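Q: Contents are mmCIF, C-alpha atoms; file name input20.cif:
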data_my_file
loop_
_atom_site.label_atom_id
_atom_site.label_comp_id
_atom_site.auth_asym_id
_atom_site.auth_seq_id
_atom_site.Cartn_x
_atom_site.Cartn_y
_atom_site.Cartn_z
CA MET A 1 5.81 -30.57 31.36
CA LYS A 2 2.32 -30.13 32.71
CA ARG A 3 3.29 -26.69 33.93
CA LEU A 4 4.67 -25.73 30.54
CA PHE A 5 1.45 -26.86 28.93
CA LEU A 6 -0.56 -24.77 31.36
CA ALA A 7 1.64 -21.75 30.68
CA LEU A 8 1.15 -22.17 26.96
CA MET A 9 -2.61 -22.45 27.41
CA LEU A 10 -2.64 -19.25 29.44
CA LEU A 11 -0.53 -17.49 26.84
CA ALA A 12 -2.88 -18.59 24.08
CA ALA A 13 -5.81 -17.23 26.05
CA VAL A 14 -4.19 -13.85 26.55
CA VAL A 15 -2.46 -13.31 23.22
CA ARG A 16 -4.75 -13.15 20.24
CA ALA A 17 -3.83 -12.20 16.72
CA ASP A 18 -7.13 -10.38 16.33
CA ALA A 19 -6.40 -7.65 18.86
CA PRO A 20 -7.96 -4.55 17.26
CA GLU A 21 -4.61 -3.02 16.29
CA SER A 22 -2.71 -6.23 15.56
CA VAL A 23 -0.81 -6.23 12.27
CA TYR A 24 -1.20 -10.01 12.33
CA GLN A 25 -4.73 -9.49 10.97
CA LEU A 26 -3.06 -9.04 7.62
CA ASP A 27 -3.22 -12.27 5.66
CA ALA A 28 0.34 -12.58 4.35
CA THR A 29 2.56 -15.60 3.86
CA LEU A 30 6.34 -15.37 4.21
CA THR A 31 9.10 -17.74 3.16
CA ASN A 32 12.11 -17.82 5.46
CA GLN A 33 15.83 -18.32 4.81
CA SER A 34 15.37 -22.11 4.97
CA GLY A 35 12.55 -22.08 2.42
CA GLU A 36 9.84 -22.71 5.05
CA ARG A 37 6.55 -20.93 4.54
CA HIS A 38 4.73 -19.36 7.45
CA HIS A 39 2.14 -16.71 8.19
CA LEU A 40 3.16 -13.20 9.23
CA ASP A 41 2.09 -14.06 12.79
CA LYS A 42 4.64 -16.87 13.23
CA HIS A 43 6.03 -15.16 16.34
CA LEU A 44 2.66 -14.53 17.98
CA GLY A 45 3.25 -14.50 21.72
CA HIS A 46 6.75 -13.01 21.47
CA PRO A 47 7.91 -9.42 21.36
CA VAL A 48 9.18 -9.03 17.79
CA LEU A 49 11.54 -6.50 16.24
CA VAL A 50 10.60 -6.20 12.61
CA THR A 51 12.06 -4.21 9.75
CA MET A 52 12.04 -4.22 5.97
CA PHE A 53 15.24 -4.28 3.93
CA TYR A 54 16.77 -5.48 0.68
CA GLY A 55 19.79 -7.75 0.49
CA SER A 56 21.84 -5.77 -1.99
CA CYS A 57 21.43 -2.53 -0.05
CA PRO A 58 24.83 -0.91 0.45
CA MET A 59 24.30 1.27 3.51
CA ALA A 60 21.24 1.55 5.68
CA CYS A 61 20.23 -2.13 5.56
CA PRO A 62 23.46 -3.57 7.02
CA LEU A 63 23.05 -0.82 9.59
CA LEU A 64 19.50 -1.99 10.30
CA ILE A 65 20.81 -5.45 11.13
CA ASP A 66 23.56 -3.89 13.30
CA THR A 67 20.92 -1.83 15.09
CA MET A 68 18.78 -4.87 15.85
CA ARG A 69 21.84 -6.78 17.02
CA SER A 70 22.82 -4.03 19.42
CA ILE A 71 19.31 -4.15 20.89
CA GLU A 72 19.66 -7.93 21.17
CA ARG A 73 22.97 -7.53 22.99
CA THR A 74 21.70 -4.81 25.31
CA VAL A 75 18.70 -6.60 26.79
CA ALA A 76 18.90 -9.04 29.72
CA PRO A 77 19.29 -12.74 28.79
CA ALA A 78 15.76 -13.65 29.96
CA GLU A 79 14.23 -10.97 27.72
CA ARG A 80 16.56 -11.87 24.89
CA ALA A 81 15.31 -15.46 24.95
CA LYS A 82 11.75 -14.23 24.43
CA MET A 83 12.56 -11.84 21.60
CA ARG A 84 12.28 -12.58 17.89
CA PHE A 85 13.84 -10.66 15.00
CA LEU A 86 12.14 -10.48 11.63
CA LEU A 87 13.60 -8.92 8.49
CA ILE A 88 11.29 -8.86 5.48
CA SER A 89 12.72 -8.19 2.04
CA ILE A 90 11.14 -5.54 -0.19
CA ASP A 91 13.03 -7.01 -3.17
CA PRO A 92 11.39 -10.37 -3.96
CA ASP A 93 13.02 -10.46 -7.39
CA ARG A 94 16.56 -10.62 -6.09
CA ASP A 95 16.22 -11.78 -2.50
CA THR A 96 15.76 -15.47 -3.12
CA VAL A 97 15.75 -18.05 -0.32
CA ALA A 98 19.38 -18.84 -1.19
CA LYS A 99 20.33 -15.14 -0.92
CA LEU A 100 18.58 -14.82 2.43
CA ASN A 101 20.29 -17.94 3.69
CA GLU A 102 23.65 -16.58 2.56
CA LEU A 103 23.00 -13.32 4.35
CA ALA A 104 21.96 -15.09 7.57
CA THR A 105 25.20 -17.11 7.44
CA SER A 106 27.51 -14.23 6.57
CA ARG A 107 25.99 -12.01 9.27
CA LYS A 108 26.10 -14.95 11.75
CA LEU A 109 22.45 -14.52 12.71
CA ASP A 110 21.06 -16.99 15.25
CA THR A 111 18.19 -18.42 13.23
CA SER A 112 16.45 -19.76 16.31
CA ARG A 113 15.49 -16.14 16.94
CA TRP A 114 16.24 -14.36 13.65
CA THR A 115 14.16 -14.77 10.51
CA LEU A 116 15.02 -13.35 7.10
CA ALA A 117 11.94 -13.60 4.93
CA ARG A 118 10.65 -12.91 1.46
CA THR A 119 7.14 -12.73 0.03
CA ASP A 120 5.33 -11.71 -3.17
CA GLU A 121 5.27 -8.12 -4.41
CA THR A 122 1.67 -7.49 -3.35
CA SER A 123 2.24 -8.77 0.18
CA VAL A 124 5.36 -6.59 0.43
CA ARG A 125 3.14 -3.55 -0.28
CA LYS A 126 0.59 -4.59 2.32
CA ILE A 127 3.11 -5.39 5.04
CA ALA A 128 4.87 -2.08 4.40
CA ALA A 129 1.49 -0.36 4.64
CA VAL A 130 0.57 -1.85 8.02
CA LEU A 131 4.04 -1.03 9.35
CA GLY A 132 3.98 2.49 7.86
CA ILE A 133 7.14 1.83 5.85
CA GLN A 134 7.58 3.72 2.60
CA TYR A 135 9.63 2.41 -0.27
CA ARG A 136 10.20 3.08 -3.91
CA LYS A 137 12.11 1.14 -6.51
CA LEU A 138 14.91 3.03 -8.24
CA PRO A 139 15.90 2.58 -11.90
CA ASP A 140 19.23 0.97 -10.89
CA GLY A 141 17.37 -1.85 -9.12
CA GLY A 142 17.91 -0.43 -5.63
CA TYR A 143 15.26 1.01 -3.34
CA ASN A 144 14.59 4.11 -1.33
CA HIS A 145 12.93 2.95 1.85
CA SER A 146 12.32 4.15 5.35
CA SER A 147 14.74 2.61 7.83
CA ILE A 148 12.47 1.97 10.75
CA VAL A 149 12.71 -0.72 13.40
CA THR A 150 9.27 -1.62 14.74
CA LEU A 151 8.63 -3.33 18.07
CA LEU A 152 5.54 -5.56 17.94
CA SER A 153 3.85 -6.59 21.17
CA PRO A 154 3.19 -10.32 21.62
CA ASP A 155 -0.29 -9.81 20.08
CA GLY A 156 1.14 -8.06 17.01
CA THR A 157 0.25 -4.49 17.98
CA ILE A 158 2.85 -1.85 17.13
CA ALA A 159 4.39 -0.91 20.48
CA TYR A 160 7.13 1.42 19.30
CA GLN A 161 8.80 2.52 16.08
CA SER A 162 12.35 3.77 16.05
CA SER A 163 14.34 5.48 13.34
CA VAL A 164 17.52 5.54 15.43
CA LEU A 165 20.19 3.61 13.58
CA GLY A 166 23.50 2.22 14.77
CA THR A 167 22.75 2.07 18.50
CA ALA A 168 20.01 0.65 20.71
CA ASP A 169 17.35 3.38 20.98
CA PRO A 170 16.69 3.90 24.74
CA GLU A 171 13.01 4.63 24.02
CA LEU A 172 12.67 1.34 22.19
CA LEU A 173 14.40 -0.50 25.03
CA ALA A 174 11.97 1.10 27.49
CA ALA A 175 9.02 0.00 25.35
CA LEU A 176 10.50 -3.48 25.23
CA GLN A 177 10.63 -3.60 29.02
CA ARG A 178 6.93 -2.82 29.16
CA GLN A 179 6.10 -5.92 27.09
CA PRO A 180 4.41 -8.78 28.96
CA MET B 1 -45.35 -12.76 -5.83
CA ARG B 2 -44.53 -13.74 -9.39
CA LYS B 3 -44.42 -10.08 -10.31
CA LEU B 4 -42.00 -9.42 -7.50
CA MET B 5 -39.80 -12.28 -8.69
CA LEU B 6 -39.80 -10.92 -12.18
CA ALA B 7 -38.99 -7.43 -10.97
CA LEU B 8 -36.11 -8.81 -8.90
CA LEU B 9 -34.82 -10.81 -11.83
CA LEU B 10 -34.96 -7.79 -14.09
CA ALA B 11 -33.26 -5.62 -11.49
CA THR B 12 -30.50 -8.18 -11.02
CA SER B 13 -29.78 -8.57 -14.70
CA ALA B 14 -29.81 -4.80 -15.16
CA ALA B 15 -27.39 -4.40 -12.26
CA ASN B 16 -25.14 -7.13 -13.66
CA ALA B 17 -25.15 -5.54 -17.08
CA ALA B 18 -24.28 -2.18 -15.55
CA ALA B 19 -21.47 -3.68 -13.48
CA ALA B 20 -20.06 -5.51 -16.49
CA GLU B 21 -20.18 -2.41 -18.59
CA GLN B 22 -18.41 -0.23 -16.09
CA SER B 23 -15.53 -2.53 -15.29
CA ALA B 24 -14.74 -2.48 -19.02
CA THR B 25 -11.04 -1.99 -19.47
CA THR B 26 -8.93 -0.55 -22.23
CA VAL B 27 -5.47 -1.64 -23.32
CA ILE B 28 -2.95 1.13 -22.79
CA PRO B 29 0.05 0.71 -25.09
CA GLY B 30 3.41 0.82 -23.36
CA GLY B 31 5.74 3.71 -23.93
CA LYS B 32 8.07 6.27 -22.46
CA PHE B 33 7.21 9.57 -20.86
CA GLU B 34 8.61 12.21 -18.56
CA SER B 35 6.97 12.05 -15.17
CA VAL B 36 6.73 15.02 -12.83
CA LEU B 37 8.49 12.64 -10.42
CA PRO B 38 11.76 11.66 -12.09
CA PRO B 39 12.66 8.10 -11.02
CA ALA B 40 16.13 9.24 -9.89
CA PRO B 41 18.32 12.32 -10.23
CA GLY B 42 19.41 12.61 -13.84
CA VAL B 43 16.89 10.02 -15.03
CA LYS B 44 14.03 11.69 -16.81
CA GLU B 45 12.19 9.01 -18.70
CA VAL B 46 9.91 6.35 -17.34
CA SER B 47 9.22 3.24 -19.43
CA LEU B 48 5.91 1.47 -19.14
CA LYS B 49 4.86 -1.94 -20.34
CA PRO B 50 1.41 -2.27 -21.92
CA PHE B 51 -1.35 -2.72 -19.34
CA GLN B 52 -5.15 -2.65 -19.06
CA LEU B 53 -6.94 0.06 -17.16
CA ASP B 54 -10.59 0.42 -16.12
CA ARG B 55 -12.30 2.98 -18.31
CA ARG B 56 -14.15 4.41 -15.32
CA PRO B 57 -13.69 4.53 -11.56
CA VAL B 58 -15.24 1.74 -9.50
CA THR B 59 -18.82 2.60 -8.48
CA ASN B 60 -20.68 2.17 -5.19
CA ALA B 61 -22.81 -0.48 -6.92
CA GLN B 62 -19.75 -2.49 -7.92
CA PHE B 63 -18.24 -2.18 -4.46
CA ALA B 64 -21.51 -3.39 -2.90
CA THR B 65 -21.39 -6.48 -5.10
CA PHE B 66 -17.82 -7.16 -3.92
CA LEU B 67 -18.92 -6.88 -0.26
CA LYS B 68 -21.45 -9.67 -0.79
CA THR B 69 -18.66 -12.15 -1.42
CA GLN B 70 -16.10 -10.56 0.94
CA PRO B 71 -18.12 -9.21 3.87
CA GLN B 72 -14.97 -8.76 5.98
CA TRP B 73 -14.58 -5.44 4.14
CA ARG B 74 -17.99 -4.11 5.26
CA ARG B 75 -17.77 -1.03 7.47
CA ASP B 76 -19.23 -2.94 10.42
CA LYS B 77 -16.69 -5.77 10.05
CA ILE B 78 -13.48 -4.22 8.75
CA ALA B 79 -10.40 -4.41 11.00
CA HIS B 80 -9.40 -1.07 12.45
CA ILE B 81 -5.89 -1.33 10.98
CA PHE B 82 -7.32 -1.45 7.45
CA ALA B 83 -9.62 1.60 7.50
CA ASP B 84 -10.42 4.70 9.54
CA ASP B 85 -13.83 5.61 11.00
CA GLN B 86 -15.01 7.37 7.87
CA TYR B 87 -14.84 4.18 5.80
CA LEU B 88 -17.99 3.89 3.62
CA SER B 89 -19.71 6.32 5.99
CA HIS B 90 -21.83 7.70 3.12
CA TRP B 91 -23.66 4.38 2.68
CA GLN B 92 -27.17 3.98 4.05
CA SER B 93 -26.26 0.67 5.68
CA PRO B 94 -23.14 -1.51 5.97
CA ALA B 95 -24.16 -3.46 2.87
CA GLU B 96 -26.00 -0.84 0.82
CA PRO B 97 -25.14 2.46 -0.78
CA ARG B 98 -27.87 5.05 -1.17
CA LYS B 99 -29.76 4.59 -4.44
CA GLU B 100 -28.63 7.92 -5.83
CA ASP B 101 -24.99 6.92 -5.24
CA LEU B 102 -25.08 3.59 -7.08
CA GLN B 103 -23.49 4.89 -10.27
CA ARG B 104 -21.27 7.42 -8.53
CA PRO B 105 -17.64 6.50 -7.87
CA VAL B 106 -17.17 4.72 -4.56
CA VAL B 107 -15.30 6.98 -2.13
CA ASN B 108 -14.40 6.77 1.57
CA VAL B 109 -12.40 3.63 0.83
CA SER B 110 -8.94 2.89 2.18
CA TRP B 111 -5.97 1.69 0.14
CA PHE B 112 -6.36 -1.74 1.75
CA ALA B 113 -10.01 -2.02 0.70
CA ALA B 114 -9.33 -0.71 -2.81
CA THR B 115 -6.51 -3.25 -3.16
CA ALA B 116 -8.78 -6.08 -1.95
CA TYR B 117 -11.48 -5.08 -4.44
CA CYS B 118 -9.07 -5.14 -7.37
CA GLU B 119 -7.61 -8.47 -6.21
CA SER B 120 -11.13 -9.94 -6.18
CA ARG B 121 -11.20 -9.22 -9.90
CA GLY B 122 -7.72 -10.65 -10.45
CA ALA B 123 -6.49 -7.09 -10.89
CA ARG B 124 -4.48 -4.55 -8.90
CA LEU B 125 -4.35 -0.79 -8.42
CA PRO B 126 -2.46 1.06 -11.17
CA THR B 127 0.98 2.33 -10.22
CA TRP B 128 1.48 6.08 -9.95
CA TYR B 129 3.43 6.14 -13.23
CA GLU B 130 0.68 4.22 -15.02
CA TRP B 131 -1.92 6.61 -13.69
CA GLU B 132 0.10 9.71 -14.55
CA TYR B 133 0.93 8.37 -18.04
CA VAL B 134 -2.73 7.89 -18.92
CA ALA B 135 -3.78 11.13 -17.22
CA ALA B 136 -1.25 13.06 -19.33
CA ALA B 137 -3.45 12.44 -22.37
CA SER B 138 -5.91 15.08 -23.50
CA ASN B 139 -9.03 14.23 -25.44
CA THR B 140 -7.08 14.31 -28.67
CA ALA B 141 -3.38 13.77 -27.90
CA ARG B 142 -1.29 11.12 -26.15
CA ASP B 143 0.42 13.85 -24.13
CA GLY B 144 -1.58 17.02 -23.75
CA ARG B 145 0.42 18.47 -20.90
CA ASP B 146 1.93 21.27 -22.96
CA ASP B 147 -1.42 22.30 -24.38
CA PRO B 148 -2.50 25.45 -22.49
CA ALA B 149 -6.19 24.92 -23.30
CA TRP B 150 -6.12 21.36 -21.92
CA ARG B 151 -4.26 22.47 -18.83
CA GLN B 152 -6.83 25.19 -18.23
CA GLN B 153 -9.64 22.65 -18.66
CA ILE B 154 -8.08 20.47 -15.97
CA LEU B 155 -7.71 23.39 -13.58
CA ASN B 156 -11.35 24.33 -14.17
CA TRP B 157 -12.37 20.83 -13.18
CA TYR B 158 -10.29 20.97 -10.03
CA SER B 159 -11.89 24.23 -8.99
CA ARG B 160 -15.30 22.52 -8.73
CA SER B 161 -16.69 22.93 -5.25
CA GLY B 162 -16.01 20.06 -2.89
CA ARG B 163 -19.56 20.45 -1.55
CA ASP B 164 -21.20 19.47 -4.83
CA ALA B 165 -22.41 15.88 -5.08
CA LEU B 166 -20.01 13.68 -7.04
CA PRO B 167 -21.00 13.17 -10.67
CA THR B 168 -21.89 9.68 -11.84
CA VAL B 169 -19.04 7.80 -13.51
CA GLY B 170 -18.55 8.40 -17.20
CA SER B 171 -19.61 12.04 -16.98
CA THR B 172 -16.38 13.46 -18.43
CA PRO B 173 -15.27 13.00 -22.05
CA ALA B 174 -13.08 10.00 -22.90
CA ASN B 175 -9.42 10.89 -23.29
CA PHE B 176 -7.06 9.84 -26.08
CA TYR B 177 -7.04 6.25 -24.79
CA GLY B 178 -10.79 6.08 -24.16
CA ILE B 179 -10.38 6.47 -20.39
CA GLN B 180 -12.83 8.67 -18.46
CA ASP B 181 -12.98 10.62 -15.22
CA LEU B 182 -9.23 10.85 -14.56
CA HIS B 183 -9.61 14.55 -13.85
CA GLY B 184 -12.36 16.52 -12.26
CA VAL B 185 -14.27 13.77 -10.47
CA ILE B 186 -12.27 12.13 -7.68
CA TRP B 187 -8.79 11.52 -6.35
CA GLU B 188 -7.64 7.96 -6.99
CA TRP B 189 -5.58 5.49 -5.00
CA VAL B 190 -2.51 4.06 -6.71
CA GLU B 191 -0.63 0.91 -5.79
CA ASP B 192 2.51 2.74 -4.65
CA ALA B 193 0.77 5.71 -3.02
CA SER B 194 2.89 5.40 0.12
CA GLY B 195 6.16 5.23 -1.78
CA MET B 196 6.19 8.64 -3.31
CA LEU B 197 8.44 9.97 -0.57
CA VAL B 198 8.36 13.52 -1.80
CA SER B 199 8.40 15.54 1.38
CA SER B 200 10.44 13.13 3.48
CA ASP B 201 13.12 12.69 0.91
CA ASN B 202 13.50 16.35 0.12
CA ARG B 203 13.53 17.26 3.77
CA GLU B 204 16.35 14.89 4.52
CA GLN B 205 18.45 15.69 1.52
CA GLY B 206 22.01 16.50 2.43
CA ASP B 207 21.79 15.34 6.02
CA PRO B 208 23.79 12.11 6.20
CA ASN B 209 23.23 11.81 9.94
CA VAL B 210 19.52 11.39 9.55
CA MET B 211 19.36 8.31 7.38
CA ARG B 212 15.73 7.36 7.58
CA PHE B 213 15.85 6.29 3.97
CA CYS B 214 18.16 3.72 2.55
CA GLY B 215 19.08 4.59 -1.00
CA GLU B 216 21.10 7.04 -2.92
CA GLY B 217 18.49 8.91 -4.89
CA ALA B 218 16.49 11.87 -3.72
CA LEU B 219 13.36 12.66 -5.65
CA THR B 220 12.76 16.09 -6.99
CA MET B 221 9.63 17.31 -8.63
CA GLU B 222 9.78 18.68 -12.14
CA GLN B 223 7.38 20.51 -14.43
CA LYS B 224 6.23 22.81 -11.65
CA GLU B 225 3.61 24.29 -13.99
CA ASN B 226 1.88 20.92 -13.94
CA TYR B 227 -0.04 22.06 -10.91
CA ALA B 228 -2.92 19.60 -10.98
CA THR B 229 -0.63 16.56 -11.07
CA LEU B 230 1.57 17.92 -8.29
CA MET B 231 -1.54 18.45 -6.17
CA ARG B 232 -2.39 14.80 -6.60
CA ILE B 233 1.07 13.72 -5.52
CA ALA B 234 0.87 15.95 -2.45
CA MET B 235 -2.54 14.47 -1.66
CA LEU B 236 -1.49 10.85 -2.14
CA SER B 237 1.73 11.14 -0.18
CA SER B 238 -0.17 12.63 2.76
CA MET B 239 -2.51 9.62 2.95
CA LYS B 240 -1.82 6.55 5.03
CA ALA B 241 -3.07 3.24 3.66
CA ARG B 242 -5.93 3.08 6.20
CA TYR B 243 -7.10 6.64 5.56
CA THR B 244 -10.21 7.36 3.57
CA GLY B 245 -11.50 10.53 1.94
CA GLY B 246 -14.86 11.79 0.77
CA ALA B 247 -13.49 12.29 -2.75
CA MET B 248 -10.96 9.47 -2.76
CA GLY B 249 -11.83 6.50 -4.96
CA PHE B 250 -9.99 4.18 -7.32
CA ARG B 251 -9.98 2.11 -10.48
CA CYS B 252 -8.13 -1.13 -11.23
CA ALA B 253 -5.47 -2.25 -13.69
CA THR B 254 -4.05 -5.53 -14.93
CA GLY B 255 -1.02 -6.49 -16.94
CA GLY B 256 2.57 -5.23 -17.02
CA ARG B 257 3.95 -3.31 -14.10
CA ASP B 258 6.39 -0.47 -14.58
CA GLY B 259 9.91 -0.45 -13.26
CA LYS B 260 10.87 -3.87 -14.55
#
So, in terms of structure tokens, how does the structure I just supplied come out?

A:
Amino acid sequence: MKRLFLALMLLAAVVRADAPESVYQLDATLTNQSGERHHLDKHLGHPVLVTMFYGSCPMACPLLIDTMRSIERTVAPAERAKMRFLLISIDPDRDTVAKLNELATSRKLDTSRWTLARTDETSVRKIAAVLGIQYRKLPDGGYNHSSIVTLLSPDGTIAYQSSVLGTADPELLAALQRQP
Amino acid sequence: MRKLMLALLLATSAANAAAAEQSATTVIPGGKFESVLPPAPGVKEVSLKPFQLDRRPVTNAQFATFLKTQPQWRRDKIAHIFADDQYLSHWQSPAEPRKEDLQRPVVNVSWFAATAYCESRGARLPTWYEWEYVAAASNTARDGRDDPAWRQQILNWYSRSGRDALPTVGSTPANFYGIQDLHGVIWEWVEDASGMLVSSDNREQGDPNVMRFCGEGALTMEQKENYATLMRIAMLSSMKARYTGGAMGFRCATGGRDGK
């Protein structure tokens, strides 16, 4: 226990949310699939795969989840335990907590490591901006949005961005291996 | 000493009066119009709810007042992810614009900083459709885009040399709605600047293997003769949210958003 405490202290000393390029400097509050509110930097200290999606998306968004799952499956168990997966909805009107919860259940996501989250419209814009994700609402209620999986370093700095869908991008896996 | 106090008091009240005057807004009635960016293939019209828009762009003086209460947006304090190195580089110090710039539109501001400013007023940036809708008006008509004389006037404004000093705000005639400086002074940030997707979407049209964008619709630009507006779209979609530009400013809006 004492050793764990020491390790945590060391981690806290090394990993800071105010690293110059950390996206965690953005002040944004998310609500997860269980209705719990937390700051964008909830997974500070972990390598995080983050993407933006909308629940009613017919094609690329299910594929985004598949892509993140194949990365999860590909990495070694020790690395997997450290990793966190964050999906932020760009559709706050329709992606309610209940909808997110339903999606987490139907896709059998392990919520100890996976978070489906929603936030207000303004925060969606800002998060998309720091992640370099473009989106646009369509008249039918759907969205055009860039399908990018971003790897965040433990301090929240963008380590790699991949637009490879369907399989685990080898470049992203390599970047993941370089994470502390 | 008493004279100094008095002078300061006078200066403050004058500055406050100026700030209040320039953030005056005008109600823009809702309506329908054809954008140069159709919302989806086959959908021509865009519907807008009524909203309020600043009559003039935000000035250096107004931005300086904002920095007093939110100093984290000063150029010496701002986080690197929220602005590039050119941010407010035309100011004489991190807290002060040059005197001659006070009533000129604030430029060299990033989307993040512009958004924060508007939020401090309980407002937001206008959406692209809101901006385009209001900018379609001539001095006399709600939609002046088919008026050759108006179109020529706009092009004349755009051909102004980029080396000239920016005019002070309110230097162009009010349009149909009473809004000034939409053309011929600065480029302006909009809330959804990064979502215009023009080049990316067109480039990837018809290539199902490269699915960087989720969604069925590809945007196409219409009204190719509407050169000045298309230039703006090209400009905005090339900017990242942390970028700044020497002629890139903004104004704020409140009220109904489009697309709902």

Q: Could you list, as a list in words, the residues of chain A having an atom within 6 Å of chain B when counting all atoms listed in the file?

A: Glu21, Ala60, Ala129, Gln134, Tyr135, Arg136, Tyr143, Asn144, His145, Ser146 and Ser147 of chain A

Q: Rank A:Ile71, A:Leu100, A:Ser112, A:Lys137 by their smallest atom-to-atom distance to Gln177 (chain A), using only C-alpha atoms, and report the top residue only.

A: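 Ranking A:Ile71, A:Leu100, A:Ser112, A:Lys137 by distance to Gln177 (chain A), first place goes to A:Ile71.
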
Q: Taking into account only C-alpha atoms, which residue in the set A:Arg69, A:Lys99, A:Arg37, A:Arg118 is nearest to Met83 (chain A)?

A: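 Result for the nearest residue to Met83 (chain A): A:Arg69.
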
Q: Determine the residue set returned by the PyMOL selection byres ((chain A and resi 110) around 12) for the present structure, and present it as a VMD selection string.

A: chain A and resid 33 69 72 80 to 81 83 to 86 101 103 to 109 111 to 116

Q: Report the distance between CA of Ala117 (chain A) and CA of Ile148 (chain A) in Å, rounded to one decimal place.

A: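 A separation of 16.6 Å between them.
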
Q: Here is a test: counting only C-alpha atoms, which residue of B:Glu34, B:Glu96, B:Glu130, B:Asp76 is nearest to Leu53 (chain B)?

A: B:Glu130

Q: Measure the distance from CA of Leu165 (chain A) to CA of Tyr54 (chain A) in Å and round it to one decimal.

A: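 Going from CA of Leu165 (chain A) over to CA of Tyr54 (chain A), I get 16.1 Å.
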
Q: The PyMOL selection byres ((chain B and resi 48) around 9) - which residues does that actually catch in the file I just gave you? List them as a PyMOL selection string.

A: chain B and resi 29-33+46-47+49-51+129-130+133+256-260

Q: Give me the result of the PyMOL selection byres ((chain B and resi 148-153) around 12) on this file, residue by residue, as a ChimeraX atom specification.

A: /B:135-141,143-147,154-160,172-173,175,183-184,225-229
